[in-house]
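Shown next, in structure tokens, is the structure this report addresses.
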Amino acid sequence: MADQTSHGIGGLTFDKSKRAWPNEANVFIALILIILAFEALGQILPYMNGQSMLFDFNTSRDGTILNIARIKIVILQVSIIGIISLGVTQVIISGGIDLSSGPLVGAAAMIVMSFAQTELVNGQLNPKAVFGAWSFDLPVIVPILVGLAFGALIGSINGAFIAFTRIPPFIATLGMFLICRGISQWWTKGQPVSFPTEEFAAIGSGMMPVVWFALLAVLLGLVMKFTVYGKHTYAIGSNEDAARMSGINVKRHKVMVYMIASMFAAFAAIILSSKNLTAQAGMGQFYELYAIAMAVIGGVSLTGGRGSMIGTVLGAMVFGVIQSGFTFIKLDAFYQLMAMGSIIIGAVVLDQYRQQRATAG
Amino acid sequence: MSEQYILETRDLTKHYGGVHALEGANFKLRKGEHIAIMGDNGAGKSTFVRQITGVEQRTRGDVIFDGKPVHFSGPLDAREAGIETVFQTLALADDLDVPDNLFLGREITKWNFLGPFRLLDYKAMRQATMEGLEKTAVKIPNIRNSIRNMSGGQRQCVAIARTATFHSKLTIMDEPTAALGVQETAQVENIIRTLKEAGEPLILVSHNMRQVFDLVDRVVVFRRGRICADLDIKNDNVSGEDVVGYITGAKTQEGFEDAA
């Protein structure tokens with residue numbers, strides 16, 4: 001027995017070639033394949049007249065290979081829900097779920113817009129005024145801070161209930177889902193809030209949502225990969241008991257995770273209301289589900305511990321391309337929903353199958 | 001007197017309601033010594049370990065660790081004081097890689113002014129992991145792969161390698177090889193020998209007689225919540241049958257008559 005060491009069962013390598021194949025690469029390949037599939041359909045389907053999805057090899061049309069206009073629309077379409085999805089991704093990585101983000105968008109948009117209104121509309125007093133004269137033409141930082149504070153409040157309530165009362169995240173955030181929807185309707189008794197200041201309208205105008213999405217994705221991606229916060233989030237999602245035994249303050253960390261997720265959703269609300277120049281109580285319907293879907297398509301495991309911001313960004317792109325692609329091949333909206341649903345289920349099944357095979361092998 | 005011992009318990013007692021799971025345990029562990037705790041199921045081994053590591057709060061008695069009386073409020077406290085425990089159920093995060101698991105909860109960081117968002121020093125942690133694992137002679141294809149796909153032995157070794165990496169003052173292993181195959185068991189036993197050579201004290205809870213006689217200096221036998229024998233197996237002439245006798249209650253060592 002004692003000469004076991006001298007036999008040298010030991011040995012330690014740090015071999016790059018033995019690194020696991022990253023999940024994000026699969027999502028990226030899927031994205032390319034989906035684009036090519038729609039591209040092909042555009043050429044094959046008789047009523048499409050050889051139209052192009054994203055690549056246009058007939059350069060005489062607009063001089064570039066890429067169909068810039070469509071790419072812009074695809075990315076713009078997903079960037080606001082994408083921002084929510086970034087926040088939701090870290091919740092899912094921590095082993096939880098956040099269903100409250102959609103209604104939170106509605107409620108936050110209503111509240112934010114009330115602090116971003118301008119006094120005079122076409123020389124007349126703002127017809128949609130929520131508060132008195134003091135709330136007109138405030139500096140743009142005020143509505144932003146109010147929105148983020150509201151998001152932080154809702155998120156920390158979510159997190160506190162999940163961490164301290166140990167009710168399932170599904171239930172806690174489902175309750176918050178209804179509460180937020182209620183808040184958004186109660187705030188103005190159902191009236192839309194409109195006419196923001198020019199500065200506020202600039203936040204989400206044009207391609208700005210894409211810029212915010214990119215910035216936040218890079219920021220949160222770096223945080224998840226290179227900071228203690230990110231590492232502990234993965235650890236909690238992977239094995240909560242191990243995380244606790246290792247000295248991580250799991251309760252405090254969970255509150256933080258939900259708080260940050262809700263702040264991302266609130267920020268999405270700011271951008272959305274700024275882009276639309278109005279806030280309505282029904283805003284953000286299904287956003288929570290789309291946000292979860294993007295994360296899941298991007299390879300974030302609903303059991304926690306696995307996933308990345310790159311994956312979620314790619315998942316958002318897949319989501320956008322599919323949605324846009326169905327419109328492109330002139331598929332009716334109800335078929336779109338059915339197909340989206342099938343794709344989401346398929347993505348999870350595929351991921352689970354891959355995991356099982358990896359564990360067995 | 002106390003410098004000689006790394007851990008000492010006096011009259012350590014734990015009652016769960018009316019059940020006397022542990023009764024008046026007087027236990028001493030010298031520096032650099034490896035002790036095995038043996039006993040039948042329900043004899044109080046795990047209860048004893050749980051009192052030392054702060055997983056549970058004792059009913060009565062003192063624990064003196066490293067010359068000072070201690071009262072750990074939780075396993076974390078014990079860990080910070082230098083008691084590293086390898087649990088029966090592996091406390092590892094499956095989706096993280098080897099360095100992440102070794103340093104979980106005590107990451108090497110830089111830019112600490114960022115609070116919870118302080119940066120991880122991956123390079124330093126990888127370095128320390130390599131050094132720690134070299135001591136244990138564990139073969140791991142790539143320390144940067146997640147440990148989900150590793151064998152039970154490799155995972156157990158990662159759990160144990162924490163100790164080797166952090167130079168804890170005392171290691172406690174609760175049946176570390178119970179779920180492992182022959183070769184994996186050999187790997188874990190190798191690590192235990194490495195710890196012995198490094199002079200790091202160990203408490204090993206084990207059912208495996210061969211393993212115990214191979215590895216440790218002294219055997220403490222628990223029976224019905226009491227210590228019933230303290231055997232110096234390296235020097236005295238003690239056979240496996242003797243130990244079985246103490247475990248089953250056929251024999252009781254002199255000085256421990258009240259355990260019978």
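Ligands are numbered from 1 in the order shown, residues from 1 within each chain, and chains are lettered A, B, ... in the order they appear in the structure tokens.
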Which of range 68-169 of chain B end up as helix (DSSP H, G or I) when DSSP is run on this backbone - answer as a PDB file with C-alpha atoms, in the first residue's frame?
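File produced: result18.pdb:
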```pdb
ATOM      1  CA  PRO B  75     -19.349  24.930  11.330  1.00  0.00           C
ATOM      2  CA  LEU B  76     -18.084  28.162   9.853  1.00  0.00           C
ATOM      3  CA  ASP B  77     -16.721  29.282  13.176  1.00  0.00           C
ATOM      4  CA  ALA B  78     -14.898  25.993  13.552  1.00  0.00           C
ATOM      5  CA  ARG B  79     -13.506  26.300  10.078  1.00  0.00           C
ATOM      6  CA  GLU B  80     -12.193  29.764  10.725  1.00  0.00           C
ATOM      7  CA  ALA B  81     -10.522  28.495  13.887  1.00  0.00           C
ATOM      8  CA  VAL B  98     -11.509  22.657  -8.780  1.00  0.00           C
ATOM      9  CA  PRO B  99      -9.953  25.987  -7.705  1.00  0.00           C
ATOM     10  CA  ASP B 100     -13.405  27.515  -7.279  1.00  0.00           C
ATOM     11  CA  ASN B 101     -14.415  24.702  -4.969  1.00  0.00           C
ATOM     12  CA  LEU B 102     -11.197  24.799  -2.964  1.00  0.00           C
ATOM     13  CA  ASN B 112     -11.353  44.693  -2.190  1.00  0.00           C
ATOM     14  CA  PHE B 113     -12.835  48.197  -1.991  1.00  0.00           C
ATOM     15  CA  LEU B 114     -15.501  46.943  -4.431  1.00  0.00           C
ATOM     16  CA  GLY B 115     -17.182  45.000  -1.625  1.00  0.00           C
ATOM     17  CA  PRO B 116     -19.210  42.078  -2.945  1.00  0.00           C
ATOM     18  CA  PHE B 117     -18.068  42.952  -6.453  1.00  0.00           C
ATOM     19  CA  TYR B 122      -7.917  33.416 -10.615  1.00  0.00           C
ATOM     20  CA  LYS B 123      -4.194  33.133 -11.229  1.00  0.00           C
ATOM     21  CA  ALA B 124      -3.251  32.976  -7.564  1.00  0.00           C
ATOM     22  CA  MET B 125      -6.029  30.507  -6.793  1.00  0.00           C
ATOM     23  CA  ARG B 126      -5.002  28.252  -9.674  1.00  0.00           C
ATOM     24  CA  GLN B 127      -1.415  28.348  -8.478  1.00  0.00           C
ATOM     25  CA  ALA B 128      -2.362  27.433  -4.934  1.00  0.00           C
ATOM     26  CA  THR B 129      -4.638  24.665  -6.203  1.00  0.00           C
ATOM     27  CA  MET B 130      -1.847  23.128  -8.246  1.00  0.00           C
ATOM     28  CA  GLU B 131       0.438  23.165  -5.217  1.00  0.00           C
ATOM     29  CA  GLY B 132      -2.274  21.747  -2.959  1.00  0.00           C
ATOM     30  CA  LEU B 133      -3.149  18.969  -5.376  1.00  0.00           C
ATOM     31  CA  GLU B 134       0.436  18.050  -6.070  1.00  0.00           C
ATOM     32  CA  LYS B 135       0.739  17.112  -2.406  1.00  0.00           C
ATOM     33  CA  THR B 136      -2.253  14.819  -2.686  1.00  0.00           C
ATOM     34  CA  ILE B 147     -16.321  18.783 -11.086  1.00  0.00           C
ATOM     35  CA  ARG B 148     -19.743  17.434 -12.135  1.00  0.00           C
ATOM     36  CA  ASN B 149     -18.067  14.983 -14.489  1.00  0.00           C
ATOM     37  CA  GLY B 152     -16.357   9.935  -6.816  1.00  0.00           C
ATOM     38  CA  GLY B 153     -12.726   9.498  -5.825  1.00  0.00           C
ATOM     39  CA  GLN B 154     -11.600  12.621  -7.608  1.00  0.00           C
ATOM     40  CA  ARG B 155     -14.391  14.588  -6.016  1.00  0.00           C
ATOM     41  CA  GLN B 156     -13.595  13.242  -2.556  1.00  0.00           C
ATOM     42  CA  CYS B 157      -9.960  14.132  -3.150  1.00  0.00           C
ATOM     43  CA  VAL B 158     -10.923  17.661  -4.091  1.00  0.00           C
ATOM     44  CA  ALA B 159     -12.901  17.905  -0.862  1.00  0.00           C
ATOM     45  CA  ILE B 160      -9.933  16.624   1.117  1.00  0.00           C
ATOM     46  CA  ALA B 161      -7.447  18.747  -0.808  1.00  0.00           C
ATOM     47  CA  ARG B 162      -9.015  21.785   0.827  1.00  0.00           C
ATOM     48  CA  THR B 163      -7.262  20.729   3.989  1.00  0.00           C
ATOM     49  CA  ALA B 164      -3.928  20.287   2.289  1.00  0.00           C
ATOM     50  CA  THR B 165      -4.264  23.682   0.677  1.00  0.00           C
ATOM     51  CA  PHE B 166      -5.221  25.615   3.759  1.00  0.00           C
TER      52      PHE B 166
END
```
| task | Quick one: everything within 12 Å of range 233-247 of chain B, counting only C-alpha atoms, minus sequence neighbours fewer than 6 positions away in the same chain. Send it as a ChimeraX atom specification. | result | /B:33-45,207-227,253-254,256-257,259-260
File of the preceding selection, N, CA and C atoms, as a CSV table (one decimal), in the first residue's frame:
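Generated output (again05.csv):
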```csv
chain,number,residue,atom,x,y,z
B,33,GLU,N,-1.0,13.8,15.6
B,33,GLU,CA,-1.5,12.5,15.8
B,33,GLU,C,-2.7,12.2,14.9
B,34,HIS,N,-2.8,10.9,14.4
B,34,HIS,CA,-4.0,10.5,13.7
B,34,HIS,C,-4.8,9.5,14.5
B,35,ILE,N,-6.1,9.9,14.8
B,35,ILE,CA,-6.9,9.0,15.6
B,35,ILE,C,-8.1,8.6,14.8
B,36,ALA,N,-8.4,7.3,15.0
B,36,ALA,CA,-9.7,6.8,14.4
B,36,ALA,C,-10.7,6.7,15.4
B,37,ILE,N,-12.0,7.1,15.0
B,37,ILE,CA,-13.1,6.9,15.9
B,37,ILE,C,-13.9,5.7,15.3
B,38,MET,N,-14.1,4.7,16.2
B,38,MET,CA,-14.9,3.6,15.7
B,38,MET,C,-16.1,3.3,16.6
B,39,GLY,N,-17.0,2.5,16.1
B,39,GLY,CA,-18.1,2.2,17.0
B,39,GLY,C,-19.3,1.8,16.1
B,40,ASP,N,-20.3,1.2,16.7
B,40,ASP,CA,-21.4,0.7,15.9
B,40,ASP,C,-22.3,1.9,15.5
B,41,ASN,N,-23.2,1.7,14.6
B,41,ASN,CA,-24.2,2.7,14.3
B,41,ASN,C,-24.9,3.2,15.5
B,42,GLY,N,-25.0,4.5,15.7
B,42,GLY,CA,-25.7,5.1,16.8
B,42,GLY,C,-24.9,5.1,18.1
B,43,ALA,N,-23.6,4.8,18.0
B,43,ALA,CA,-22.7,4.7,19.2
B,43,ALA,C,-22.3,6.1,19.7
B,44,GLY,N,-22.5,7.1,18.8
B,44,GLY,CA,-22.2,8.5,19.2
B,44,GLY,C,-21.0,9.1,18.5
B,45,LYS,N,-20.5,8.4,17.5
B,45,LYS,CA,-19.4,8.9,16.7
B,45,LYS,C,-19.7,10.2,16.0
B,207,HIS,N,-15.5,2.7,9.5
B,207,HIS,CA,-15.9,1.4,9.8
B,207,HIS,C,-14.9,0.3,9.3
B,208,ASN,N,-14.0,0.8,8.6
B,208,ASN,CA,-13.1,-0.1,7.9
B,208,ASN,C,-11.9,-0.5,8.7
B,209,MET,N,-11.9,-1.7,9.3
B,209,MET,CA,-10.8,-2.1,10.2
B,209,MET,C,-9.4,-2.1,9.6
B,210,ARG,N,-9.3,-2.6,8.3
B,210,ARG,CA,-8.1,-2.6,7.6
B,210,ARG,C,-7.5,-1.2,7.5
B,211,GLN,N,-8.4,-0.3,7.0
B,211,GLN,CA,-8.0,1.1,6.8
B,211,GLN,C,-7.5,1.7,8.1
B,212,VAL,N,-8.2,1.5,9.2
B,212,VAL,CA,-7.8,2.1,10.5
B,212,VAL,C,-6.5,1.6,10.9
B,213,PHE,N,-6.2,0.2,10.8
B,213,PHE,CA,-5.0,-0.3,11.3
B,213,PHE,C,-3.8,0.2,10.4
B,214,ASP,N,-4.1,0.4,9.1
B,214,ASP,CA,-3.1,0.9,8.2
B,214,ASP,C,-2.7,2.3,8.4
B,215,LEU,N,-3.7,3.2,8.8
B,215,LEU,CA,-3.4,4.6,8.8
B,215,LEU,C,-3.2,5.3,10.1
B,216,VAL,N,-3.9,4.9,11.2
B,216,VAL,CA,-3.8,5.8,12.3
B,216,VAL,C,-3.0,5.2,13.5
B,217,ASP,N,-2.7,6.1,14.4
B,217,ASP,CA,-1.9,5.8,15.6
B,217,ASP,C,-2.8,5.2,16.7
B,218,ARG,N,-4.0,5.7,16.8
B,218,ARG,CA,-4.8,5.4,18.0
B,218,ARG,C,-6.2,5.2,17.6
B,219,VAL,N,-6.9,4.3,18.3
B,219,VAL,CA,-8.3,4.1,18.1
B,219,VAL,C,-9.1,4.4,19.3
B,220,VAL,N,-10.1,5.2,19.2
B,220,VAL,CA,-11.0,5.5,20.3
B,220,VAL,C,-12.4,4.8,19.9
B,221,VAL,N,-12.9,4.0,20.8
B,221,VAL,CA,-14.1,3.2,20.5
B,221,VAL,C,-15.3,3.8,21.3
B,222,PHE,N,-16.3,4.1,20.6
B,222,PHE,CA,-17.6,4.6,21.2
B,222,PHE,C,-18.6,3.5,21.3
B,223,ARG,N,-19.3,3.5,22.4
B,223,ARG,CA,-20.4,2.5,22.6
B,223,ARG,C,-21.5,3.1,23.4
B,224,ARG,N,-22.7,3.1,22.8
B,224,ARG,CA,-23.8,3.7,23.5
B,224,ARG,C,-23.6,5.0,24.1
B,225,GLY,N,-23.0,5.9,23.3
B,225,GLY,CA,-22.8,7.3,23.7
B,225,GLY,C,-21.6,7.5,24.6
B,226,ARG,N,-20.9,6.5,24.9
B,226,ARG,CA,-19.7,6.7,25.8
B,226,ARG,C,-18.4,6.1,25.1
B,227,ILE,N,-17.3,6.7,25.5
B,227,ILE,CA,-16.0,6.2,25.1
B,227,ILE,C,-15.8,4.9,25.9
B,253,GLN,N,-12.4,-1.7,28.2
B,253,GLN,CA,-11.1,-1.4,28.7
B,253,GLN,C,-11.1,-0.9,30.1
B,254,GLU,N,-10.0,-1.2,30.8
B,254,GLU,CA,-9.9,-0.7,32.2
B,254,GLU,C,-10.0,0.8,32.2
B,256,PHE,N,-12.7,2.5,31.8
B,256,PHE,CA,-13.9,2.9,31.2
B,256,PHE,C,-15.1,2.1,31.6
B,257,GLU,N,-15.0,1.5,32.8
B,257,GLU,CA,-16.0,0.6,33.3
B,257,GLU,C,-17.4,1.1,33.3
B,259,ALA,N,-18.9,2.7,31.1
B,259,ALA,CA,-19.5,2.6,29.8
B,259,ALA,C,-20.2,1.4,29.6
B,260,ALA,N,-20.0,0.4,30.4
B,260,ALA,CA,-20.5,-1.0,30.1
B,260,ALA,C,-22.0,-1.1,30.3
```
| request: Record the distance separating CA of Phe65 in chain B and CA of Ala229 in chain B, expressed in Å with one decimal. | output: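 For CA of Phe65 in chain B relative to CA of Ala229 in chain B, the distance reads 22.0 Å.
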| message | Residues near Ile75 in chain A, anyone? I mean within 8 Å using only C-alpha atoms, not counting same-chain ones fewer than 6 positions away, as a PyMOL selection string. | response | chain A and resi 210+317+320
Per residue of range 107-138 of chain A within 10 Å of range 193-207 of chain A, what are the shortest atom pair and its distance in Å to one decimal, counting only C-alpha atoms, with rows by chain and residue number, as CSV?
```
residue,atom,partner,partner_atom,distance
A:Ala109,CA,A:Val193,CA,8.9
A:Met110,CA,A:Val193,CA,6.4
A:Ile111,CA,A:Val193,CA,8.8
A:Val112,CA,A:Val193,CA,9.5
A:Met113,CA,A:Val193,CA,6.3
A:Ser114,CA,A:Val193,CA,6.6
A:Phe115,CA,A:Pro196,CA,8.5
A:Ala116,CA,A:Pro196,CA,5.1
A:Gln117,CA,A:Pro196,CA,4.2
A:Thr118,CA,A:Thr197,CA,4.8
A:Glu119,CA,A:Thr197,CA,8.5
A:Leu120,CA,A:Phe195,CA,8.9
A:Val121,CA,A:Phe195,CA,7.3
A:Asn126,CA,A:Phe195,CA,7.2
A:Pro127,CA,A:Ser194,CA,8.5
A:Lys128,CA,A:Val193,CA,5.7
A:Ala129,CA,A:Val193,CA,7.3
A:Val130,CA,A:Val193,CA,7.3
A:Phe136,CA,A:Thr197,CA,8.5
A:Asp137,CA,A:Thr197,CA,6.2
A:Leu138,CA,A:Thr197,CA,8.3
```
| said: Based on only C-alpha atoms, which of the residues in chain B come within 6 Å of chain A? I want them as a PyMOL selection string. | reply: chain B and resi 76+91-95+104-105+116-120+137-142+149
| message | as a ChimeraX atom specification, please: every residue in range 21-201 of chain A that DSSP puts in strand (DSSP E or B). | response | /A:55,66,117,120-121,124-125,193-194,196
| field | Interatomic distance, CA of Leu41 in chain A to CA of Asn23 in chain A (Å, one decimal) | value |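 Spanning CA of Leu41 in chain A to CA of Asn23 in chain A is a straight-line distance of 27.2 Å.
Going from CA of Val300 in chain A over to CA of Phe55 in chain A, you cover 28.6 Å.
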| Which residues, written as a list of chain:residue names, have at least one atom at most 6 Å from range 149-151 of chain A, with only C-alpha atoms counted and residues fewer than 4 positions away on the same chain left out? |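 Returned residues: A:Leu145, A:Gly155, A:Ser262, A:Met263, A:Ala266.
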| task | Skip range 8-23 of chain B itself and residues of its chain fewer than 4 positions away, then list as a ChimeraX atom specification all residues within 6 Å of it, counting only C-alpha atoms. | result | /B:27-28,44,58-64,225-226
